[in-house]
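**Q** Pasting coords_29.cif here (mmCIF, C-alpha atoms):
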data_start
loop_
_atom_site.label_atom_id
_atom_site.label_comp_id
_atom_site.auth_asym_id
_atom_site.auth_seq_id
_atom_site.Cartn_x
_atom_site.Cartn_y
_atom_site.Cartn_z
CA MET A 1 1.95 1.85 5.70
CA PRO A 2 0.71 -1.40 4.15
CA VAL A 3 0.94 -4.64 6.10
CA PHE A 4 1.24 -7.86 4.10
CA TYR A 5 0.97 -11.10 6.03
CA GLY A 6 2.02 -9.40 9.25
CA THR A 7 4.96 -7.52 7.72
CA GLU A 8 4.72 -3.74 7.56
CA VAL A 9 6.40 -2.25 4.51
CA GLU A 10 7.84 1.25 4.55
CA SER A 11 6.35 2.25 1.20
CA ALA A 12 3.09 1.85 -0.65
CA LEU A 13 4.98 1.31 -3.90
CA LEU A 14 6.01 -2.11 -5.16
CA LEU A 15 8.38 -1.95 -8.11
CA GLY A 16 9.31 -4.50 -10.74
CA THR A 17 12.89 -5.17 -11.77
CA ALA A 18 12.44 -5.95 -15.49
CA GLN A 19 13.08 -4.01 -18.71
CA TYR A 20 15.43 -1.30 -17.41
CA PRO A 21 18.06 0.07 -19.82
CA SER A 22 20.87 -1.15 -17.53
CA PRO A 23 21.45 -2.70 -14.10
CA ALA A 24 22.83 0.63 -12.87
CA ILE A 25 19.65 2.46 -13.90
CA LEU A 26 17.55 -0.24 -12.25
CA ALA A 27 19.41 0.27 -8.97
CA GLU A 28 19.19 4.05 -9.19
CA ALA A 29 15.49 3.97 -10.10
CA PHE A 30 14.87 1.74 -7.14
CA ARG A 31 16.52 4.16 -4.78
CA ALA A 32 14.52 7.05 -6.27
CA SER A 33 11.26 5.11 -5.95
CA ARG A 34 11.83 4.28 -2.26
CA ALA A 35 9.88 1.07 -3.01
CA GLY A 36 9.89 -1.40 -0.15
CA ILE A 37 9.23 -4.48 -2.26
CA ALA A 38 10.89 -5.61 -5.49
CA THR A 39 9.27 -8.20 -7.74
CA VAL A 40 11.57 -10.77 -9.31
CA SER A 41 11.21 -13.91 -11.41
CA LEU A 42 12.90 -17.22 -12.15
CA ARG A 43 14.19 -18.04 -15.59
CA ARG A 44 16.48 -20.63 -17.11
CA GLU A 45 20.04 -20.00 -15.99
CA GLN A 46 21.96 -18.66 -18.98
CA GLY A 47 24.76 -16.94 -17.15
CA GLY A 48 23.07 -13.73 -15.97
CA GLY A 49 21.31 -15.04 -12.90
CA GLN A 50 24.15 -14.72 -10.44
CA ASP A 51 24.94 -11.10 -11.29
CA PHE A 52 21.27 -10.22 -11.07
CA TRP A 53 21.03 -11.90 -7.69
CA ALA A 54 23.90 -9.76 -6.39
CA LEU A 55 22.14 -6.65 -7.71
CA VAL A 56 18.70 -7.31 -6.18
CA ALA A 57 20.18 -8.47 -2.90
CA GLY A 58 21.76 -5.01 -2.65
CA LEU A 59 18.53 -3.08 -3.28
CA GLY A 60 17.51 -3.26 0.36
CA ALA A 61 13.96 -4.19 -0.66
CA ARG A 62 11.99 -7.24 0.36
CA LEU A 63 11.70 -9.61 -2.61
CA LEU A 64 8.42 -10.82 -4.05
CA PRO A 65 9.04 -13.58 -6.61
CA ASN A 66 6.40 -14.06 -9.30
CA THR A 67 5.10 -16.94 -11.38
CA ALA A 68 4.95 -14.79 -14.52
CA GLY A 69 4.34 -16.66 -17.74
CA CYS A 70 2.72 -19.67 -16.09
CA HIS A 71 -0.47 -20.83 -17.80
CA THR A 72 -1.34 -23.88 -15.71
CA VAL A 73 -1.78 -24.74 -12.02
CA LYS A 74 1.06 -27.25 -12.21
CA GLU A 75 3.54 -24.76 -13.73
CA ALA A 76 2.63 -22.08 -11.21
CA VAL A 77 2.89 -24.41 -8.21
CA THR A 78 6.27 -25.83 -9.30
CA THR A 79 7.54 -22.31 -9.98
CA ALA A 80 6.40 -21.24 -6.51
CA HIS A 81 8.27 -24.17 -4.97
CA MET A 82 11.45 -23.19 -6.81
CA ALA A 83 10.99 -19.54 -5.84
CA ARG A 84 10.56 -20.36 -2.17
CA GLU A 85 13.90 -22.15 -2.12
CA LEU A 86 15.75 -19.69 -4.33
CA PHE A 87 14.62 -16.49 -2.62
CA ASP A 88 14.08 -17.97 0.83
CA THR A 89 10.61 -16.45 1.20
CA ARG A 90 7.07 -17.70 1.65
CA TRP A 91 5.78 -14.78 -0.39
CA ILE A 92 4.70 -15.52 -3.94
CA LYS A 93 3.07 -13.24 -6.49
CA LEU A 94 0.80 -15.80 -8.08
CA GLU A 95 0.13 -15.24 -11.77
CA VAL A 96 -1.68 -17.82 -13.85
CA ILE A 97 -2.23 -16.31 -17.26
CA GLY A 98 -5.40 -17.16 -19.12
CA HIS A 99 -5.34 -15.04 -22.23
CA THR A 100 -2.43 -14.36 -24.55
CA ASP A 101 -3.40 -10.89 -25.77
CA THR A 102 -4.65 -9.37 -22.54
CA LEU A 103 -2.57 -11.45 -20.08
CA GLN A 104 -5.78 -11.61 -18.10
CA PRO A 105 -5.49 -14.09 -15.23
CA ASP A 106 -7.17 -17.48 -15.54
CA VAL A 107 -9.13 -17.01 -12.34
CA PHE A 108 -10.19 -20.66 -12.12
CA ALA A 109 -6.62 -21.95 -12.25
CA LEU A 110 -5.52 -19.05 -10.03
CA LEU A 111 -7.96 -20.08 -7.32
CA GLU A 112 -6.89 -23.71 -7.50
CA ALA A 113 -3.20 -22.82 -7.32
CA ALA A 114 -3.83 -20.37 -4.48
CA ARG A 115 -5.58 -23.08 -2.50
CA ILE A 116 -2.71 -25.54 -3.00
CA LEU A 117 -0.03 -23.00 -2.12
CA THR A 118 -1.70 -21.55 0.98
CA ASP A 119 -2.21 -25.12 2.24
CA GLU A 120 1.54 -25.59 1.82
CA GLY A 121 2.32 -22.51 3.89
CA PHE A 122 2.88 -19.97 1.14
CA GLU A 123 1.74 -16.38 1.57
CA VAL A 124 0.05 -15.75 -1.73
CA PHE A 125 -0.27 -12.38 -3.50
CA PRO A 126 -2.75 -13.26 -6.26
CA TYR A 127 -2.71 -11.26 -9.48
CA CYS A 128 -6.45 -11.22 -10.10
CA THR A 129 -9.29 -9.28 -11.64
CA GLU A 130 -11.55 -6.97 -9.64
CA ASP A 131 -14.40 -9.51 -9.73
CA LEU A 132 -15.98 -9.53 -6.25
CA THR A 133 -16.83 -13.21 -6.33
CA VAL A 134 -13.38 -14.29 -7.48
CA CYS A 135 -11.77 -12.09 -4.86
CA GLY A 136 -14.04 -13.52 -2.16
CA ARG A 137 -13.07 -17.05 -3.19
CA LEU A 138 -9.38 -16.15 -3.10
CA LEU A 139 -9.82 -14.90 0.46
CA ASP A 140 -11.68 -18.11 1.35
CA ALA A 141 -8.72 -20.03 -0.10
CA GLY A 142 -6.43 -18.35 2.40
CA CYS A 143 -5.11 -15.32 0.53
CA ALA A 144 -4.73 -12.29 2.82
CA VAL A 145 -3.86 -9.83 0.04
CA LEU A 146 -5.58 -9.15 -3.29
CA MET A 147 -3.86 -7.68 -6.33
CA PRO A 148 -6.43 -6.78 -8.99
CA TRP A 149 -5.26 -5.44 -12.32
CA GLY A 150 -5.83 -1.80 -13.23
CA ALA A 151 -5.43 -2.61 -16.93
CA PRO A 152 -3.57 -5.28 -18.93
CA ILE A 153 0.08 -5.79 -17.95
CA GLY A 154 2.38 -3.35 -19.71
CA SER A 155 -0.49 -1.40 -21.32
CA GLY A 156 -0.13 1.77 -19.25
CA ARG A 157 -3.84 2.43 -19.60
CA GLY A 158 -4.46 3.23 -15.96
CA LEU A 159 -7.52 2.11 -14.02
CA ASN A 160 -9.95 0.65 -16.56
CA ASN A 161 -12.74 -0.11 -14.12
CA LEU A 162 -12.87 2.58 -11.47
CA TRP A 163 -16.28 1.50 -10.31
CA GLY A 164 -15.14 -2.11 -9.91
CA LEU A 165 -12.04 -1.16 -7.93
CA ARG A 166 -14.07 1.17 -5.71
CA ALA A 167 -16.61 -1.60 -5.11
CA LEU A 168 -13.81 -4.00 -4.22
CA ARG A 169 -12.39 -1.53 -1.72
CA ALA A 170 -15.82 -1.02 -0.15
CA HIS A 171 -16.57 -4.74 -0.09
CA PHE A 172 -13.33 -5.81 1.62
CA PRO A 173 -12.40 -2.86 3.84
CA GLU A 174 -9.93 -4.82 5.96
CA VAL A 175 -8.04 -6.67 3.20
CA PRO A 176 -4.78 -5.19 1.89
CA LEU A 177 -5.47 -4.31 -1.77
CA VAL A 178 -2.81 -3.59 -4.37
CA VAL A 179 -3.44 -2.38 -7.91
CA ASP A 180 -1.11 -4.56 -9.93
CA ALA A 181 -0.57 -3.90 -13.64
CA GLY A 182 -1.75 -1.24 -16.04
CA ILE A 183 -0.32 1.82 -14.30
CA GLY A 184 1.24 4.14 -16.89
CA LEU A 185 1.39 7.52 -15.20
CA PRO A 186 1.81 8.93 -11.71
CA SER A 187 -1.79 10.16 -11.91
CA HIS A 188 -2.95 6.53 -12.27
CA ALA A 189 -0.97 5.54 -9.19
CA ALA A 190 -2.32 8.49 -7.22
CA GLN A 191 -5.85 7.62 -8.30
CA ALA A 192 -5.48 4.05 -7.00
CA MET A 193 -4.28 5.37 -3.67
CA GLU A 194 -7.07 7.97 -3.54
CA LEU A 195 -9.55 5.10 -3.92
CA GLY A 196 -8.16 3.72 -0.69
CA PHE A 197 -5.93 1.02 -2.09
CA ASP A 198 -3.06 0.07 0.17
CA ALA A 199 -0.37 0.01 -2.51
CA VAL A 200 0.38 -0.10 -6.22
CA LEU A 201 2.68 -2.45 -8.09
CA LEU A 202 4.21 -1.23 -11.33
CA ASN A 203 7.19 -1.91 -13.56
CA THR A 204 6.90 -0.90 -17.20
CA ALA A 205 5.81 2.68 -16.43
CA VAL A 206 9.16 3.30 -14.77
CA ALA A 207 11.45 0.99 -16.73
CA LYS A 208 10.22 2.15 -20.15
CA ALA A 209 10.09 5.87 -19.37
CA GLY A 210 12.68 7.97 -21.17
CA ASP A 211 14.21 8.70 -17.78
CA PRO A 212 13.38 5.80 -15.47
CA VAL A 213 14.99 7.38 -12.42
CA ALA A 214 12.96 10.58 -12.77
CA MET A 215 9.78 8.55 -13.32
CA ALA A 216 10.54 6.42 -10.27
CA ARG A 217 10.74 9.61 -8.23
CA ALA A 218 7.47 10.87 -9.74
CA MET A 219 5.73 7.60 -8.87
CA ALA A 220 6.97 7.79 -5.28
CA LEU A 221 5.52 11.30 -4.96
CA ALA A 222 2.24 10.27 -6.58
CA VAL A 223 1.74 7.30 -4.30
CA GLU A 224 2.50 9.44 -1.28
CA ALA A 225 0.13 12.19 -2.46
CA GLY A 226 -2.68 9.76 -3.22
CA ARG A 227 -2.32 8.08 0.14
CA ALA A 228 -2.29 11.40 1.99
CA ALA A 229 -5.35 12.54 0.02
CA CYS A 230 -7.29 9.40 0.88
CA ARG A 231 -6.55 9.88 4.56
CA ALA A 232 -7.61 13.53 4.30
CA ASP A 233 -11.18 12.43 3.42
CA PRO A 234 -11.74 14.11 0.02
CA MET A 235 -14.82 16.22 -0.72
CA GLU A 236 -17.72 14.72 -2.64
CA PRO A 237 -17.91 15.82 -6.28
CA ARG A 238 -21.10 17.57 -7.44
CA ASP A 239 -22.56 18.39 -10.84
CA MET A 240 -23.11 22.14 -10.56
CA ALA A 241 -20.85 24.94 -9.43
CA ALA A 242 -20.82 26.10 -5.82
CA PRO A 243 -19.06 29.44 -5.28
CA SER A 244 -16.09 29.14 -2.99
CA THR A 245 -15.87 32.86 -2.30
CA PRO A 246 -18.59 34.14 0.10
CA VAL A 247 -21.59 35.66 -1.70
CA ILE A 248 -22.74 37.64 1.31
CA GLY A 249 -21.02 41.02 1.59
CA LYS A 250 -20.24 41.41 -2.07
CA ALA A 251 -20.32 45.13 -3.02
CA PHE A 252 -23.29 46.19 -5.18
CA LEU A 253 -21.59 47.51 -8.31
CA ALA A 254 -24.04 46.81 -11.13
CA MET B 1 22.38 -40.79 -21.62
CA ASN B 2 20.21 -38.31 -23.51
CA ILE B 3 18.32 -35.74 -21.54
CA THR B 4 16.82 -32.29 -22.13
CA LEU B 5 18.40 -29.50 -20.09
CA ASN B 6 16.61 -26.15 -20.10
CA GLY B 7 14.90 -27.08 -23.35
CA ARG B 8 18.03 -28.26 -25.17
CA PRO B 9 19.04 -31.85 -25.93
CA ARG B 10 22.15 -32.87 -24.01
CA GLN B 11 24.28 -35.98 -23.61
CA THR B 12 25.46 -36.55 -20.09
CA ARG B 13 27.53 -39.01 -18.08
CA ALA B 14 26.07 -37.68 -14.83
CA ALA B 15 24.11 -40.19 -12.79
CA THR B 16 22.44 -37.68 -10.48
CA LEU B 17 21.03 -34.20 -10.73
CA ALA B 18 23.83 -32.86 -8.51
CA ALA B 19 26.44 -34.42 -10.80
CA LEU B 20 24.71 -32.92 -13.84
CA LEU B 21 24.91 -29.41 -12.37
CA ASP B 22 28.64 -29.94 -11.73
CA GLU B 23 29.22 -31.34 -15.21
CA GLN B 24 27.39 -28.47 -16.90
CA GLY B 25 28.94 -25.77 -14.73
CA LEU B 26 25.60 -24.68 -13.34
CA GLY B 27 26.56 -23.52 -9.87
CA GLY B 28 25.54 -20.61 -7.69
CA LYS B 29 22.02 -19.66 -6.83
CA VAL B 30 19.79 -21.98 -8.86
CA ALA B 31 16.65 -24.04 -8.34
CA THR B 32 15.87 -27.30 -10.10
CA ALA B 33 12.99 -29.34 -11.44
CA ARG B 34 12.87 -32.81 -12.98
CA ASN B 35 10.03 -33.70 -15.33
CA GLY B 36 7.95 -30.79 -14.07
CA ASP B 37 8.43 -31.46 -10.36
CA PHE B 38 10.52 -29.33 -8.04
CA VAL B 39 13.67 -31.01 -6.71
CA PRO B 40 14.92 -29.30 -3.53
CA ALA B 41 18.66 -28.63 -3.34
CA ALA B 42 19.00 -31.19 -0.55
CA ARG B 43 17.66 -33.95 -2.79
CA ARG B 44 19.77 -33.28 -5.89
CA ALA B 45 22.51 -35.72 -4.87
CA THR B 46 20.03 -38.56 -4.46
CA THR B 47 17.93 -37.74 -7.53
CA THR B 48 19.07 -40.15 -10.23
CA LEU B 49 18.68 -39.26 -13.89
CA ALA B 50 16.94 -41.41 -16.47
CA GLU B 51 16.98 -41.44 -20.26
CA GLY B 52 14.73 -38.70 -21.63
CA ASP B 53 14.51 -36.68 -18.42
CA GLN B 54 13.48 -33.05 -18.73
CA ILE B 55 15.63 -30.99 -16.39
CA GLU B 56 15.07 -27.32 -15.63
CA VAL B 57 17.66 -25.18 -13.87
CA VAL B 58 16.46 -21.66 -13.07
CA ALA B 59 18.10 -18.63 -11.50
CA PRO B 60 16.92 -15.27 -10.12
CA MET B 61 15.90 -13.01 -12.96
CA GLN B 62 14.24 -9.66 -13.64
CA GLY B 63 10.49 -9.70 -13.11
CA GLY B 64 7.43 -7.49 -12.86
#
Could the structure of this file be written out as structure tokens, please?
**A**
Amino acid sequence: MPVFYGTEVESALLLGTAQYPSPAILAEAFRASRAGIATVSLRREQGGGQDFWALVAGLGARLLPNTAGCHTVKEAVTTAHMARELFDTRWIKLEVIGHTDTLQPDVFALLEAARILTDEGFEVFPYCTEDLTVCGRLLDAGCAVLMPWGAPIGSGRGLNNLWGLRALRAHFPEVPLVVDAGIGLPSHAAQAMELGFDAVLLNTAVAKAGDPVAMARAMALAVEAGRAACRADPMEPRDMAAPSTPVIGKAFLA
Amino acid sequence: MNITLNGRPRQTRAATLAALLDEQGLGGKVATARNGDFVPAARRATTTLAEGDQIEVVAPMQGG
């Protein structure tokens, strides 16, 4: 099972806590997903924060706070400081958004923030692109996990750049890799795991399904299947057919 | 004194950040920032407020 900063997690699925129809469905979906890590955020206290805290504390999952919505290094770093105190964890899912329509990370600001936070003792989970150079720089900055997007956040488009993700896996064989964002279907999650990724992080695909609990279960199965398939060393695809039934010994009936 | 609390203008008699949280009924699990800088819980009682301060008080919330 994946190991993040020395901590082994009992599931290769990381699940977000936003956008569920109700707190009860969130809790039930979480149980069905068997996710070992729950992502959470910080927002202005308007009365709901304390109830939500009680809910997530009861999920039994390790919490990974995010810096969602931050567009600058300063915002992201201050948010990380607040998250560390609030959730009592050194883990931070570092998001520095660069583009409004795609929510693509600003990789320059991301790298700068990652450098500052790792120097301060944070264990950074950077939401990044699959760019090999950017990912290499993030590792140089002290990140020991990479979380490239599959597709834009909330789009459900799956893995947009299969080649890029495969190249990333091949290039950094020892680094825990998580596909974060863009997963819409269990087949997308399975595909990420089949590529050899260590985990997938998703939220909208479960929360916005007609039946979030059933989809959470489906995602758990997909992640497990994809992981098992990767470890089983899949066959190489080929262009032309190759008969699976023996040719030799076939009766002459023409 | 006029300050901005979570984006809204507020008048306060509180002299410190800790007193402001009490005055506004913002207890429980929260984290604070003053003018864009994190203020740890342990420093709220000694963080004095000034006219025009921007105070943020955040709590755990749903996230992806």
**Q** On this file, the PyMOL selection byres ((chain B) within 9 of (chain A)) gives some set of residues; write that set as a PyMOL selection string.
**A** chain B and resi 6+26+28-33+36-41+56-64
**Q** Compile the contact shell of Arg43 in chain B as a list in words: residues with an atom at most 10 Å away, counting only C-alpha atoms, same-chain residues fewer than 6 positions apart removed.
**A**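 Non-adjacent residues within range: Thr16, Leu17 and Ala18 of chain B.
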**Q** I'd like to know which of B:Ile55, B:Glu23, B:Leu49, B:Arg34 is closest to Gly7 in chain B, using only C-alpha atoms.
**A**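 Closest to Gly7 in chain B, using only C-alpha atoms: B:Ile55.
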**Q** With all atoms of range 48-52 of chain B from the file as input, state the centre and edge lengths in Å to one decimal of the axis-aligned box that has 4 Å extra on each side, as AutoDock Vina command-line options.
**A**
--center_x 16.9 --center_y -40.1 --center_z -15.9 --size_x 12.3 --size_y 10.7 --size_z 19.4
**Q** List as an NGL selection string the protein and nucleic acid residues near Leu139 in chain A, meaning an atom at most 12 Å away when only C-alpha atoms are counted, but skip any in the same chain fewer than 6 places from it.
**A** :A and (111 or 114-115 or 118 or 123-126 or 128 or 132-133 or 145-147 or 172 or 174-177)
**Q** State, in Å with one decimal place, the distance from CA of Met215 in chain A to CA of Leu59 in chain A.
**A**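 Going from CA of Met215 in chain A over to CA of Leu59 in chain A, I get 17.7 Å.
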**Q** Go through the shown structure with the PyMOL selection byres ((chain A and resi 183-197) around 7) and write out the matching residues as a PyMOL selection string.
**A** chain A and resi 150+156-159+166+169+177-179+181-182+198-200+202+205+218-219+222-223+225-227+229-230
**Q** Just how far from CA of Gly27 in chain B is CA of Arg44 in chain B, in Å to one decimal?
**A**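 Taking CA of Arg44 in chain B and CA of Gly27 in chain B, their separation equals 12.5 Å.
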**Q** I need the residue set behind the PyMOL selection byres ((chain B and resi 51) around 8) for this file; please write it as a list in words.
**A**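 This file gives the following for the PyMOL selection byres ((chain B and resi 51) around 8): Met1, Asn2, Ile3, Leu49, Ala50, Gly52 and Asp53 of chain B.
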**Q** I'd like the interatomic distance between CA of Phe122 in chain A and CA of Ala109 in chain A, to a tenth of an Å.
**A**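 Result for CA of Phe122 in chain A versus CA of Ala109 in chain A: 16.5 Å, one decimal.
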**Q** Please return as a list of chain:residue names every residue within 10 Å of (12.0, 5.9, -9.0), taking into account all atoms listed in the file and the file's own coordinates.
**A**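 Within the cut-off we find A:Leu13, A:Leu15, A:Ile25, A:Leu26, A:Ala27, A:Glu28, A:Ala29, A:Phe30, A:Arg31, A:Ala32, A:Ser33, A:Arg34, A:Ala35, A:Val206, A:Ala207, A:Asp211, A:Pro212, A:Val213, A:Ala214, A:Met215, A:Ala216, A:Arg217, A:Ala218, A:Met219, A:Ala220, A:Leu221.
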